[in-house]
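Shown next, in structure tokens, is the structure this report addresses.
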Amino acid sequence: MMLTKLQTPSCRVATNKSVRAHGAGCPCCAGRSRSVRVSAAAPSAPGAQKDGLVRLIDEDKVRTVHIAETMLPTRHGNFRLRGYKHSTDGGKTFAEPTAIICGKVEGCEEVVLRVHDACFTSEVLGSLKCDCAEQLQMSMEYIHANAPGIVIYLWQEGRGIGLANKIAAYKLQEQGLDTVDANRALGLPDDSREYTSVRNILAELGVKSVRLMTNNPRKINVLTALGVKVTGRVPCQIQAGNHNKGYLEAKTMRMDHMIDNSYWTLDEAPVAPAQAE
């Protein structure tokens, strides 16, 4: 589908089969702020109570368009794979989020949802510096065993700073900085990910509420502020190894991630399965 498709609807949600003109009276448009604040600072970081603003996203320019769905057999089971195009600038540029779905989620409540951001270094190259690939595997296995569920996969590498900047941050981590201070030394935000596409995908699917599979309180807060009804949390904790212990510790101690400290202590047991709270 051509990018111009993103410029057609006045509503934030559309499909490739039906474009609906929505407005102030539309249930998915009404009662929302016309801009989204994307905050940069880690919750526990010095100065985090200040504005921490990275940018404003103009809601009038946010578009999420469903393109197609297929069935996908994987090592973790069979999933529905739905492709989207998402723009925050009225269609000038776009990303391609995907929804990996097990079971029928349409119209359901308390659907298990993992919002997962791309990590080329771990998911493609097998890097041991983080826990991203293991979290993706855990989340796909979990929703397959606890359907219905969704993994929404977003192209926001390095907490939104991009792959090249992430490599630069890794270089500084080799010199002793943690994941937060490395970003700041480069003049980059702690976390600049935005989740308007998640809200729109859930609306397009008719999902009424979710149990979010995450350790990250920022993700819960941002989605809730966007209007997503989060009714519970499913932990997604991975046991640390020699190369990612410091990373998990920094996420816990400096970014308020809800990770039990036993998971970044190397003499503990192997990975425990996720448990709903």
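FYI, nothing fancy with the structure tokens labels: chains A, B, ... in order, residues from 1 per chain, ligands from 1 as they appear.
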Fewer than 2 positions away in the same chain doesn't count, so skip those; otherwise give me all residues within 6 Å of Lys61 (chain A), counting only C-alpha atoms, as a PyMOL selection string. chain A and resi 58-59+88-90
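Here CA of Leu81 (chain A) and CA of Ala133 (chain A) stand 18.4 Å from one another.
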re CA of Thr64 (chain A) and CA of Pro217 (chain A): distance 24.7 Å
Just list as a PyMOL selection string whatever in region 152-254 of chain A DSSP marks as helix (DSSP H, G or I). chain A and resi 157-160+163-174+179-185+196-205+217-225+245-254
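Considering only C-alpha atoms, the residue among A:Gln175, A:Leu248, A:Thr231, A:Arg218 positioned nearest to Lys129 (chain A) is A:Leu248.
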Could you pull out the strand (DSSP E or B) residues of region 68-113 of chain A, going by DSSP on the backbone, and write them as a list in words? Ala68, Glu69, Thr70, Met71, Leu72, Pro73, Thr74, Gly77, Asn78, Phe79, Arg80, Leu81, Arg82, Gly83, Tyr84, Lys85, His86, Ser87, Ala95, Thr98, Ala99, Ile100, Ile101, Cys102, Val111, Val112 and Leu113 of chain A
What is the distance between CA of Asp191 (chain A) and CA of Asp117 (chain A), in Å to one decimal? 11.6 Å
Between A:Arg80, A:Arg199, A:Lys171, A:Lys92, single out the one closest to Ile150 (chain A), counting only C-alpha atoms. A:Arg80
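Using only C-alpha atoms, the protein and nucleic acid residues lying no more than 8 Å from Asp178 (chain A), apart from those fewer than 3 places from it along its own chain, are Gln173, Asp181, Ala182, Gly246, Tyr247 and Ala250 of chain A.
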Can you tell me which residues surround region 118-122 of chain A at a distance of at most 6 Å, considering only C-alpha atoms, apart from same-chain residues fewer than 3 positions away, and format the answer as a ChimeraX atom specification? /A:125-127,133,154-157
What does the file look like for those residues with C-alpha atoms, as a CSV table (one decimal), in the first residue's frame?
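Saved to part_39.csv:
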```
chain,number,residue,atom,x,y,z
A,125,LEU,CA,22.7,-10.9,16.1
A,126,GLY,CA,22.2,-12.8,19.4
A,127,SER,CA,23.7,-10.2,21.6
A,133,ALA,CA,15.3,-11.5,22.7
A,154,LEU,CA,7.3,-1.7,17.3
A,155,TRP,CA,10.4,-0.4,15.5
A,156,GLN,CA,11.8,1.7,18.4
A,157,GLU,CA,15.3,0.5,18.7
```
Using only C-alpha atoms, which protein or nucleic acid residues come within 8 Å of Asn261 (chain A)? Drop anything in the same chain fewer than 4 positions from it, and give the result as a list in words. Glu249, Thr252 and Thr265 of chain A
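For the set A:Val207, A:Cys108, A:Ala99, A:Cys132, the residue with the smallest atom-to-atom gap to His66 (chain A) is A:Ala99, counting only C-alpha atoms.
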Using only C-alpha atoms, can you tell me which of A:Asp131, A:Glu123, A:Glu69, A:Glu106 comes closest to Ala240 (chain A)? A:Asp131
Nearest-residue call for Gly107 (chain A), choices A:Leu202, A:Cys236, A:Ala169, A:Leu128, using only C-alpha atoms: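 Smallest distance to Gly107 (chain A) is found for A:Leu202.
In this comparison, which uses only C-alpha atoms, the residue of A:Pro97, A:Asn200, A:Ala164, A:Val105 approaching Ile152 (chain A) most closely is A:Pro97.
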